[in-house]
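S.K.: Please see the structure below; I have some questions.
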Amino acid sequence: MTQSRQIAEPNGDAPAVETRSNGSLQAKFRKTQAAHEPPFVLDAEFDAAPGFNILFGASGAGKTTLLDCVAGIAAPDTGNISLAGRVLFNSAQAINLPMAQRRCGYVFQNLALFPHMTVEQNVSYGLAHLPNTDRHQRTHAILQAFRVPHLAQHSVREISGGESQRVAVARTLVTDPEVLLLDEPMAGLDSPTKSKIIDDLRQWNQAHRIPILYVTHSREEVFALGERVLVLDAGNIVADGTPHEVMTAPIHETVAQLIGFENIFDAVVDAVHPARGTMTCRVAGEGGVLMLETPLVRGGVGSALRVGIRAGDILLATAPPIGLSARNVIPGRIKSLEQRDVIVSARVKCRVEMEAHLTLAARDSLQLEPGKEVWLVIKTHSCHLMQK
Amino acid sequence: MAIDWQTLWLTLELAVTVSVILLIVGLPIAYWIAFSRWRWKFLVEALVALPIVIPPTVLGFYVLVALGPRSPLGRWWISLTGHTLAFTFSGLVIGSVLYSLPFAVQPFASSFAGVDRKLLAASATLGASPLRTFVRVIAPLSIPGLITGTALSFAHTMGEFGVVLMVGGNIPGITRTVSIDIYDRVQASDYSGANQTSLFLLILCFALLAIVYGFNRKAWMIHPVK
């Protein structure tokens with residue numbers, strides 16, 4: 001039937017025939033979410049190769065809708081989705097494969113374990129087509145691989161969050177899906193538990209090599225998992241590349257906000273220093289003009305861009321520092337100090353206003369208080385440049 | 001003789017038959033109501049709910065007409081069996097099933113609709129057909145609703161009067177139910193007999209419902225719907 005057909009590319013901008021399936025997930029589609037508040041249009045185009053593909057974005061960016069379209073829970077308005085050479089959805093040919101035939105493993109945000117079944121019944125649920133002995137054998141093999149064989153006879157109501165997570169992943173993977181969709185599966189787990197599960201998942205995928213679409217809004221997870229990250233903002237993929245590529249300059253401003261730059265300023269390139277690999281940017285603030293030395297990016301003198309600086313990348317000194325490698329030393333005065341858990345957020349007035357983070361110990365030993373004169377120290381490479 | 005055991009037995013037989021039929025017929029209707037995205041679905045819902053509000057005599061009248069020799073259904077039945085459906089136990093069952101339909105379908109449908117949609121999606125992505133999803137996921141998680149719907153249709157049939165009178169007449173051993181028996185006794189000024197039968201019916205229905213709801217409460221704790 002439809003499965004053997006090749007992918008038709010309605011727009012001529014991609015190769016007309018994409019036979020290089022090699023297990024990847026290829027998608028190009030639009031989906032209007034009218035019922036969503038606020039309404040938005042998901043416009044996705046990507047090619048996810050086997051391995052971890054991180055879908056990163058704020059809540060409401062369309063991450064779950066994207067996964068739902070791949071799995072067949074939602075149908076795009078137009079476009080096509082194919083998996084390992086099989087057409088899952090094609091609006092032009094009116095193909096919309098039912099969920100049960102897509103071979104898409106989906107681990108939902110709430111895990112969706114069947115509450116009235118044991119762990120073993122949950123995991124073997126997708127193996128109904130196999131003879132009893134095979135089913136039993138594969139169920140136990142995967143429970144072993146995800147380190148929960150001892151829970152087989154437990155009700156899923158009795159097990160912990162981390163264990164539920166493992167069971168949900170095992171239940172999905174035991175069916176040998178051709179793509180794995182993970183919707184913020186680790187939300188609410190502590191980091192050690194999370195990284196152990198990820199390790200087991202990585203191990204499993206080394207043997208199976210399928211594309212994994214991993215939705216998260218945690219920056220740490222992007223860097224920890226990243227082979228590749230797609231940044232989704234208001235329904236559009238705004239950045240695509242390795243975490244290093246995507247998270248370093250020059251980048252889209254929404255990415256910057258997502259990954260947490262507390263300080264973002266409008267700036268104009270004042271001078272370029274190709275020999276040093278840097279340039280000087282002029283930042284206009286209420287109290288005057290601030291010159292910042294930043295990495296060199298394309299765009300000449302006079303071009304407008306934005307500078308993002310993480311509050312945690314700024315050093316504070318109570319005397320003018322000397323003999324530093326950092327190129328930016330900015331005098332200022334502390335406006336306010338606010339304690340958040342174990343860090344102190346200092347707002348410093350220095351022509352512009354900047355937020356810097358320091359530890360409680362640093363605050364006490366430097367005897368910082370509002371009104372105190374300080375010097376901010378910022379490395380050139382802590383200044384991240386973004387397109388405006 | 002205070003209680004007419006034959007009448008009581010017939011009433012129980014009717015109530016059990018109707019409950020079983022409604023459990024079978026009600027499931028697909030409830031499934032459709034819970035999951036269909038048809039834009040005119042509300043019309044079907046209104047139709048199913050109709051027996052709650054229309055006078056039983058109106059429903060009984062139309063059922064009687066439909067079962068009679070002038071309707072296609074009635075003629076077909078006569079050509080098949082040689083006698084009319086009206087004033088028979090089978091006719092009574094048909095009328096009672098229609099009359100109690102909402103009492104079964106509504107609890108079924110609301111418990112189906114209450115099952116977390118993610119569980120249904122999970123089942124489908126794991127390769128299960130809609131039927132398998134229903135049998136393994138939706139139905140087991142809807143047990144409280146299934147029990148409630150069946151109990152309500154049982155109790156409702158036990159106490160029905162108007163439809164039975166219209167469709168069944170009052171034939172001892174065939175269509176004469178307890179509620180009609182009570183009515184007859186009152187007509188005959190046999191107040192003590194009416195009281196005994198009424199009291200018996202009251203206690204029986206209360207006990208049945210108490211048992212069912214007690215069990216239901218436990219079932220609810222084992223399978224919370226959300």
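Chain labels follow the order of the structure tokens: the first chain is A, the next B, and so on; residue numbering restarts at 1 in every chain, and ligands are counted from 1 in their shown order.
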I'd like the contact shell of Ala139 (chain B) - 12 Å cut-off, only C-alpha atoms, skipping same-chain residues fewer than 2 positions apart - returned as number ranges by chain.
M.R.: A: 116; B: 23, 27-28, 30-31, 108-109, 111-115, 120, 130-137, 141-147, 223, 225
S.K.: Select residues of chain B: the criterion is any atom within 7 Å of an atom of chain A, counting only C-alpha atoms; output as a PyMOL selection string.
M.R.: chain B and resi 118-119+121-122+124-129+223
S.K.: Just checking: using only C-alpha atoms, which residue out of A:Asp266, A:Asp341, A:Glu293, A:Glu158 ends up closest to Thr278 (chain A)?
M.R.: A:Glu293
S.K.: Hey, what's within 10 Å of Met186 (chain A) if we count only C-alpha atoms and toss same-chain stuff fewer than 3 positions away? As a PyMOL selection string, please?
M.R.: chain A and resi 109-111+161-162+165+182-183+189-191+193-195+197-198+215-216+218+221
S.K.: Mind giving me the straight-line distance from CA of Leu22 (chain B) to CA of Gly74 (chain B) in Å, one decimal?
M.R.: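 Separation of CA of Leu22 (chain B) and CA of Gly74 (chain B): 21.7 Å.
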